[in-house]
Amino acid sequence: ILATTLLSFQVLTGKAQEVENVLGRWRYINDSRVSLYNHFAGQAFKMLDERKLMLSKLNSKQDWLKRQSQVRAAYNKILGSFPDKTPLNPVVTGVVEKEGIKMEKIYFESMPGFYVTSALYLPTNKKGKLPVILYCSGHSPSGFRSRSYQPDILNFVKKGFAVFAFDPIGQGERRQYTIGEFKKPFGPNQEHSYPGSQLFLTGISPAYYFIWDGIRAIDYLYSRSEIDTERIGVAGRSGGGTQTAYIAAFDSRVKAAAPECYITSYEKLLMDRGPQDGEQNFANGISSGLDFADLLVSFAPKPLLIVNTTRDQFFSIQGARDVFEELKVTYTYLGNAGHLGMAEDDAVHSSTSKNREAVFRFFQQYLSNPGNPAVEEVPRFNDDEMRVTKEGNVYATLKGDNLQTLAKKHLAEILNKQTRATGSEDLKRRISSVTGFKDRPKIAPVIFSGRYHRKNYAVEAYLLKTPTVYLPVYRLKPKTETVKKKTILLLDDRGKMEAIKEGGAADSLALLGYEVVVPDLSGFGELADGNIKTPDYTYLEKMPVNLWYAGMLVNESMLGVRLKELSLLIDWIKQSSPYIEGIATGVLTTDLLHIAAVRNESLASLVLIDPLISFQSVVEEPDYRAKYLLSSVCGMVKQYDLPDLINYWADKKEILLINPRNGAGNIIGQPKEESINKYGVIQKQLLKIKYVDSSVLRTQETEKNSGQL
């Protein structure tokens, strides 16, 4: 097997020509660096155009009622059934009064052991049952205590409303990563998406729990004698606007809603910043025929006020206007055109006095609580007064579940019910279903882009046209007559330039007489620089998790795209070399395992260096490495996991795993059966597993390392 010579790195001296990136000279295809995002966005635009065409044919109340039913069914299919309602077990931890406002500090359990911190604000000078605003906070680390949201909350109370404000997941006193062993400097964006991505691996959209918290908050309001449950409104800005739209769509008890600085269209979102936090994405949302407007279609024709600013950096005002125009048709056919309104002001992503007054006026009208809508100066409660739990963190005080532990519970349920693939065809069917890899694309003419000379081998540069991108590829061809009768397909997750450096894997293999093909697959090397990244996602090791979400929205995946690229590469190599061995490092070991399973006749053996052992371990590890998401698919673990692919291959051909790693990126201990079987590698006896210093495989080494394997 090739692996026996992997560590025999031979360093030969001599001046080598410097190799340049392939795409640099091809100026009119240089946008290939953003081609993966453009592919997903292009698929989305086609689907959204189909949706527009469908909507244009709805021309009666009956048509729109049917559409409303279809929308609700689509969301229910995406999210699945909500859990049974269990006792809320509310606890009032304190009461504070200040200038006519009473604040009760409360926590409750939206599910057993899943604690929600909140506060009920009541006017002390108003008798009888009160209309209530369920207030949803945006992305503030302090949750509803934020200086941005307290003026809204307290103004509502001064105007005679009760307000029930609760901390969203990962905010206020529900911040998951501020305590414990895996303490991280996370803000709300990270608090949502880091564990939310683990939920996605189990097939659950994190929106599920954000919505459920809101539904249970309304359940709590029903237990309070002060509240008129026929006059419930929901409001919030930014991430609170997201929850406002969600809760209004999923809870029929809401009578009026005012989502602020959130509503736009998928078209404008994808043209602008791209997908955002985990809870703001529904798996297969666009491919299910849905758009932002459909949340509000589900709520129609109840009173709705869309609130936006014209310079919002996150949610395009044009998208909001497009949604408003679409909803005007909906509301007109459903018979309450006057219930739909829109307020906007010329500002960035924020609440303004003009928009605040519009919101107050809206709820005063539709929750039958007339008064002056003007914004008032109100006394604020300080942070100590608003603290619900003793330590100011629900996990420090009460422990309980968080998104990551809930993901682990979902995984345990899946593993308990899951049936393994019954054979190669069943496994291939599952891979096809999960990744979208079905038909092998036909190979197109290859562009030769130059040759560079090194000691004893040449580096040839090529562009290989795939369905989404021109793939930059190096082909290292030994010059000696001792060329091995095999070609190595080498996938380096650091990019092909690292692989061909002097002393690198591709360079060393070429010096040993192997022909080596080293590509940059989509998302790596030359095809990575343009991937959309925002400062919000630096917690994911600068991984383009929003690109991962973009594929999810259209029922595609980065892995599925790269499998098509690998299939084309294999067909290209086989034109001149029928014997191919595969080597991959890091993240791309997952890709190589997948293509080996679906194209098993094309590869002779596999060497996986620093491979992820399973996506089960990504879900189970609180401190997982986000880079592994790049080769995963939403819901993958419901169908199969990497050990299924490893065992399938080991049954047929040789495979070598060097330093297998868990989801935290840690090498699984020395080859003890229990440490491997923990992640489902149930046929360890068929595998070759080696533990060596990985730097040997990554840096220039001499012949002293020969034979280490």
# chains A, B, ... in the order shown; residues from 1 in each chain; ligands from 1
call {"tool": "residues_around", "arguments": {"residues": "Asp219 (chain A)", "least_positions_apart": "2", "cutoff": "10 Å", "atoms": "only C-alpha atoms", "output": "list in words"}}
result
Lys85, Leu88, Ser110, Asp213, Gly214, Ile215, Arg216, Ala217, Leu221, Tyr222, Ser223, Arg224, Thr229 and Arg253 of chain A
call {"tool": "write_last_selection", "arguments": {"atoms": "N, CA and C atoms", "output": "PDB file, in the first residue's frame"}}
result
ATOM      1  N   LYS A  85     -46.881  19.702  25.938  1.00  0.00           N
ATOM      2  CA  LYS A  85     -46.727  20.760  26.934  1.00  0.00           C
ATOM      3  C   LYS A  85     -46.641  20.141  28.325  1.00  0.00           C
ATOM      4  N   LEU A  88     -45.051  24.340  33.540  1.00  0.00           N
ATOM      5  CA  LEU A  88     -44.100  25.440  33.406  1.00  0.00           C
ATOM      6  C   LEU A  88     -43.285  25.640  34.678  1.00  0.00           C
ATOM      7  N   SER A 110     -39.755  25.876  29.759  1.00  0.00           N
ATOM      8  CA  SER A 110     -40.505  25.658  28.516  1.00  0.00           C
ATOM      9  C   SER A 110     -40.554  24.172  28.177  1.00  0.00           C
ATOM     10  N   ASP A 213     -40.133  28.451  22.975  1.00  0.00           N
ATOM     11  CA  ASP A 213     -40.056  29.343  24.139  1.00  0.00           C
ATOM     12  C   ASP A 213     -41.158  30.399  24.096  1.00  0.00           C
ATOM     13  N   GLY A 214     -41.404  30.946  22.898  1.00  0.00           N
ATOM     14  CA  GLY A 214     -42.437  31.959  22.760  1.00  0.00           C
ATOM     15  C   GLY A 214     -43.830  31.403  23.006  1.00  0.00           C
ATOM     16  N   ILE A 215     -44.076  30.203  22.505  1.00  0.00           N
ATOM     17  CA  ILE A 215     -45.383  29.563  22.714  1.00  0.00           C
ATOM     18  C   ILE A 215     -45.617  29.318  24.207  1.00  0.00           C
ATOM     19  N   ARG A 216     -44.586  28.838  24.906  1.00  0.00           N
ATOM     20  CA  ARG A 216     -44.740  28.573  26.340  1.00  0.00           C
ATOM     21  C   ARG A 216     -44.845  29.866  27.140  1.00  0.00           C
ATOM     22  N   ALA A 217     -44.218  30.948  26.652  1.00  0.00           N
ATOM     23  CA  ALA A 217     -44.369  32.238  27.324  1.00  0.00           C
ATOM     24  C   ALA A 217     -45.833  32.680  27.284  1.00  0.00           C
ATOM     25  N   LEU A 221     -48.716  33.477  30.263  1.00  0.00           N
ATOM     26  CA  LEU A 221     -49.624  34.625  30.338  1.00  0.00           C
ATOM     27  C   LEU A 221     -51.053  34.175  30.602  1.00  0.00           C
ATOM     28  N   TYR A 222     -51.428  33.032  30.080  1.00  0.00           N
ATOM     29  CA  TYR A 222     -52.771  32.502  30.312  1.00  0.00           C
ATOM     30  C   TYR A 222     -52.997  32.143  31.785  1.00  0.00           C
ATOM     31  N   SER A 223     -51.937  31.976  32.536  1.00  0.00           N
ATOM     32  CA  SER A 223     -52.078  31.632  33.950  1.00  0.00           C
ATOM     33  C   SER A 223     -52.211  32.863  34.844  1.00  0.00           C
ATOM     34  N   ARG A 224     -52.044  34.050  34.260  1.00  0.00           N
ATOM     35  CA  ARG A 224     -52.059  35.269  35.056  1.00  0.00           C
ATOM     36  C   ARG A 224     -53.417  35.953  34.982  1.00  0.00           C
ATOM     37  N   THR A 229     -56.340  37.650  27.802  1.00  0.00           N
ATOM     38  CA  THR A 229     -55.744  36.767  26.795  1.00  0.00           C
ATOM     39  C   THR A 229     -56.363  36.938  25.409  1.00  0.00           C
ATOM     40  N   ARG A 253     -52.941  32.305  19.119  1.00  0.00           N
ATOM     41  CA  ARG A 253     -53.452  33.170  20.181  1.00  0.00           C
ATOM     42  C   ARG A 253     -52.971  34.606  20.060  1.00  0.00           C
TER      43      ARG A 253
END
call {"tool": "select_by_dssp", "arguments": {"residues": "region 107-320 of chain A", "states": "strand (DSSP E or B)", "output": "PyMOL selection string"}}
result
chain A and resi 107-111+114-123+130-136+162-166+227-237+256-260+304-309
call {"tool": "closest_residue", "arguments": {"among": "A:Ala505, A:Gly582, A:Tyr333, A:Pro472", "to": "Ile29 (chain A)", "atoms": "only C-alpha atoms"}}
result
A:Pro472
call {"tool": "residues_around", "arguments": {"residues": "Asp383 (chain A)", "least_positions_apart": "4", "cutoff": "10 Å", "atoms": "only C-alpha atoms", "output": "PyMOL selection string"}}
result
chain A and resi 142+145-146+387-388+392
call {"tool": "write_last_selection", "arguments": {"atoms": "all heavy atoms", "output": "tab-separated table (two decimals), in the first residue's frame"}}
result
chain	number	residue	atom	x	y	z
A	142	SER	N	-27.26	41.20	26.92
A	142	SER	CA	-28.02	41.35	28.16
A	142	SER	C	-29.50	41.04	27.99
A	142	SER	O	-30.28	41.16	28.94
A	142	SER	CB	-27.86	42.77	28.72
A	142	SER	OG	-28.23	43.74	27.76
A	145	ARG	N	-32.81	43.23	29.18
A	145	ARG	CA	-32.29	44.30	30.04
A	145	ARG	C	-31.55	45.37	29.26
A	145	ARG	O	-31.15	46.40	29.82
A	145	ARG	CB	-31.34	43.71	31.09
A	145	ARG	CG	-31.97	42.64	31.94
A	145	ARG	CD	-30.95	41.69	32.55
A	145	ARG	NE	-31.58	40.45	33.00
A	145	ARG	CZ	-31.94	39.46	32.20
A	145	ARG	NH1	-31.71	39.55	30.89
A	145	ARG	NH2	-32.52	38.39	32.67
A	146	SER	N	-31.35	45.15	27.98
A	146	SER	CA	-30.56	46.05	27.15
A	146	SER	C	-31.12	47.47	27.17
A	146	SER	O	-32.33	47.69	27.18
A	146	SER	CB	-30.53	45.53	25.71
A	146	SER	OG	-30.04	46.51	24.83
A	387	ARG	N	-31.94	41.29	37.73
A	387	ARG	CA	-31.35	39.96	37.76
A	387	ARG	C	-32.39	38.96	38.26
A	387	ARG	O	-32.96	39.11	39.34
A	387	ARG	CB	-30.12	39.94	38.66
A	387	ARG	CG	-29.40	38.58	38.64
A	387	ARG	CD	-28.16	38.57	39.51
A	387	ARG	NE	-27.18	39.54	39.00
A	387	ARG	CZ	-26.74	40.57	39.70
A	387	ARG	NH1	-27.20	40.80	40.92
A	387	ARG	NH2	-25.84	41.39	39.18
A	388	VAL	N	-32.63	37.91	37.47
A	388	VAL	CA	-33.64	36.91	37.81
A	388	VAL	C	-33.05	35.81	38.69
A	388	VAL	O	-33.67	35.40	39.67
A	388	VAL	CB	-34.26	36.30	36.53
A	388	VAL	CG1	-35.28	35.21	36.88
A	388	VAL	CG2	-34.90	37.39	35.67
A	392	GLY	N	-26.98	35.39	38.09
A	392	GLY	CA	-27.15	36.11	36.83
A	392	GLY	C	-26.96	35.23	35.62
A	392	GLY	O	-26.78	35.72	34.50
call {"tool": "select_by_dssp", "arguments": {"residues": "region 367-530 of chain A", "states": "alpha helix (DSSP H)", "output": "count of residues only"}}
result
47
call {"tool": "atom_distance", "arguments": {"atom1": "CA of Leu568 (chain A)", "atom2": "CA of Ile443 (chain A)"}}
result
5.8 Å
call {"tool": "atom_distance", "arguments": {"atom1": "CA of Arg174 (chain A)", "atom2": "CA of Val394 (chain A)"}}
result
5.7 Å
call {"tool": "closest_residue", "arguments": {"among": "A:Gln17, A:Thr487, A:Ser433, A:Ser632", "to": "His453 (chain A)", "atoms": "only C-alpha atoms"}}
result
A:Gln17
call {"tool": "closest_residue", "arguments": {"among": "A:Gly503, A:Pro83, A:Pro259, A:Gly635", "to": "Ile204 (chain A)", "atoms": "only C-alpha atoms"}}
result
A:Gly635
call {"tool": "atom_distance", "arguments": {"atom1": "CA of Ile488 (chain A)", "atom2": "CA of Ile580 (chain A)"}}
result
5.8 Å
call {"tool": "residues_around", "arguments": {"residues": "Leu130 (chain A)", "least_positions_apart": "2", "cutoff": "8 Å", "atoms": "only C-alpha atoms", "output": "list of chain:residue names"}}
result
A:Lys127, A:Gly128, A:Val132, A:Gly160, A:Phe161, A:Ala162, A:Glu226, A:Ile227, A:Asp228, A:Arg231
call {"tool": "closest_atom_pairs", "arguments": {"of": "region 317-416 of chain A", "to": "region 288-295 of chain A", "cutoff": "8 Å", "atoms": "only C-alpha atoms", "output": "tab-separated table"}}
result
residue	atom	partner	partner_atom	distance
A:Val323	CA	A:Ala293	CA	5.6
A:Glu326	CA	A:Ala293	CA	7.6
A:Leu327	CA	A:Ala293	CA	7.2
call {"tool": "residues_around", "arguments": {"residues": "Gly436 (chain A)", "least_positions_apart": "3", "cutoff": "10 Å", "atoms": "only C-alpha atoms", "output": "PyMOL selection string"}}
result
chain A and resi 430-433+439+555-557+559-561+563-564+633
call {"tool": "write_last_selection", "arguments": {"atoms": "N, CA and C atoms", "output": "PDB file, in the first residue's frame"}}
result
ATOM      1  N   ARG A 430     -28.555   6.137   0.516  1.00  0.00           N
ATOM      2  CA  ARG A 430     -28.586   7.088   1.632  1.00  0.00           C
ATOM      3  C   ARG A 430     -27.660   8.269   1.371  1.00  0.00           C
ATOM      4  N   ILE A 431     -26.484   7.994   0.850  1.00  0.00           N
ATOM      5  CA  ILE A 431     -25.545   9.072   0.528  1.00  0.00           C
ATOM      6  C   ILE A 431     -26.152  10.006  -0.506  1.00  0.00           C
ATOM      7  N   SER A 432     -26.775   9.435  -1.519  1.00  0.00           N
ATOM      8  CA  SER A 432     -27.423  10.237  -2.556  1.00  0.00           C
ATOM      9  C   SER A 432     -28.532  11.090  -1.969  1.00  0.00           C
ATOM     10  N   SER A 433     -29.332  10.492  -1.087  1.00  0.00           N
ATOM     11  CA  SER A 433     -30.442  11.217  -0.477  1.00  0.00           C
ATOM     12  C   SER A 433     -29.953  12.372   0.372  1.00  0.00           C
ATOM     13  N   ASP A 439     -26.279  11.841 -10.226  1.00  0.00           N
ATOM     14  CA  ASP A 439     -25.720  11.500 -11.534  1.00  0.00           C
ATOM     15  C   ASP A 439     -24.295  12.024 -11.660  1.00  0.00           C
ATOM     16  N   ASN A 555     -31.642  22.866  -0.121  1.00  0.00           N
ATOM     17  CA  ASN A 555     -31.523  21.406  -0.094  1.00  0.00           C
ATOM     18  C   ASN A 555     -30.319  20.915  -0.886  1.00  0.00           C
ATOM     19  N   GLU A 556     -29.236  21.668  -0.803  1.00  0.00           N
ATOM     20  CA  GLU A 556     -27.963  21.237  -1.378  1.00  0.00           C
ATOM     21  C   GLU A 556     -26.904  21.332  -0.290  1.00  0.00           C
ATOM     22  N   SER A 557     -25.679  20.940  -0.630  1.00  0.00           N
ATOM     23  CA  SER A 557     -24.618  20.969   0.367  1.00  0.00           C
ATOM     24  C   SER A 557     -23.281  21.197  -0.305  1.00  0.00           C
ATOM     25  N   LEU A 559     -20.697  19.551   0.514  1.00  0.00           N
ATOM     26  CA  LEU A 559     -20.203  18.192   0.275  1.00  0.00           C
ATOM     27  C   LEU A 559     -20.733  17.648  -1.035  1.00  0.00           C
ATOM     28  N   GLY A 560     -22.014  17.837  -1.313  1.00  0.00           N
ATOM     29  CA  GLY A 560     -22.596  17.336  -2.556  1.00  0.00           C
ATOM     30  C   GLY A 560     -21.952  17.949  -3.785  1.00  0.00           C
ATOM     31  N   VAL A 561     -21.654  19.250  -3.721  1.00  0.00           N
ATOM     32  CA  VAL A 561     -20.984  19.922  -4.839  1.00  0.00           C
ATOM     33  C   VAL A 561     -19.597  19.329  -5.053  1.00  0.00           C
ATOM     34  N   LEU A 563     -18.506  16.379  -4.236  1.00  0.00           N
ATOM     35  CA  LEU A 563     -18.550  15.004  -4.743  1.00  0.00           C
ATOM     36  C   LEU A 563     -18.638  14.991  -6.266  1.00  0.00           C
ATOM     37  N   LYS A 564     -19.370  15.933  -6.835  1.00  0.00           N
ATOM     38  CA  LYS A 564     -19.414  16.029  -8.298  1.00  0.00           C
ATOM     39  C   LYS A 564     -18.047  16.408  -8.848  1.00  0.00           C
ATOM     40  N   VAL A 633     -23.751  17.542   6.267  1.00  0.00           N
ATOM     41  CA  VAL A 633     -25.046  17.891   5.675  1.00  0.00           C
ATOM     42  C   VAL A 633     -26.091  17.856   6.789  1.00  0.00           C
TER      43      VAL A 633
END
call {"tool": "closest_residue", "arguments": {"among": "A:Val434, A:Val473, A:Ala248, A:Val71", "to": "Ile447 (chain A)", "atoms": "only C-alpha atoms"}}
result
A:Val473
call {"tool": "residues_around", "arguments": {"residues": "Ala374 (chain A)", "least_positions_apart": "3", "cutoff": "12 Å", "atoms": "only C-alpha atoms", "output": "list in words"}}
result
Asp152, Asn155, Phe156, Lys158, Lys159, Thr352, Ser353, Lys354, Asn355, Arg356, Glu357, Ala358, Val359, Phe360, Arg361, Gln364, Gly371 and Glu377 of chain A
call {"tool": "closest_residue", "arguments": {"among": "A:Asn21, A:Ser69, A:Ser193, A:Ser238", "to": "Ser140 (chain A)", "atoms": "only C-alpha atoms"}}
result
A:Ser238
call {"tool": "residues_around", "arguments": {"residues": "region 497-501 of chain A", "least_positions_apart": "2", "cutoff": "12 Å", "atoms": "only C-alpha atoms", "output": "PyMOL selection string"}}
result
chain A and resi 11+16-22+452+454+457-461+472-476+489-495+503-511+516-520+524-526+583-585+697-700
call {"tool": "closest_residue", "arguments": {"among": "A:Trp212, A:Gly233, A:Ala337, A:Pro188", "to": "Asp84 (chain A)", "atoms": "only C-alpha atoms"}}
result
A:Trp212
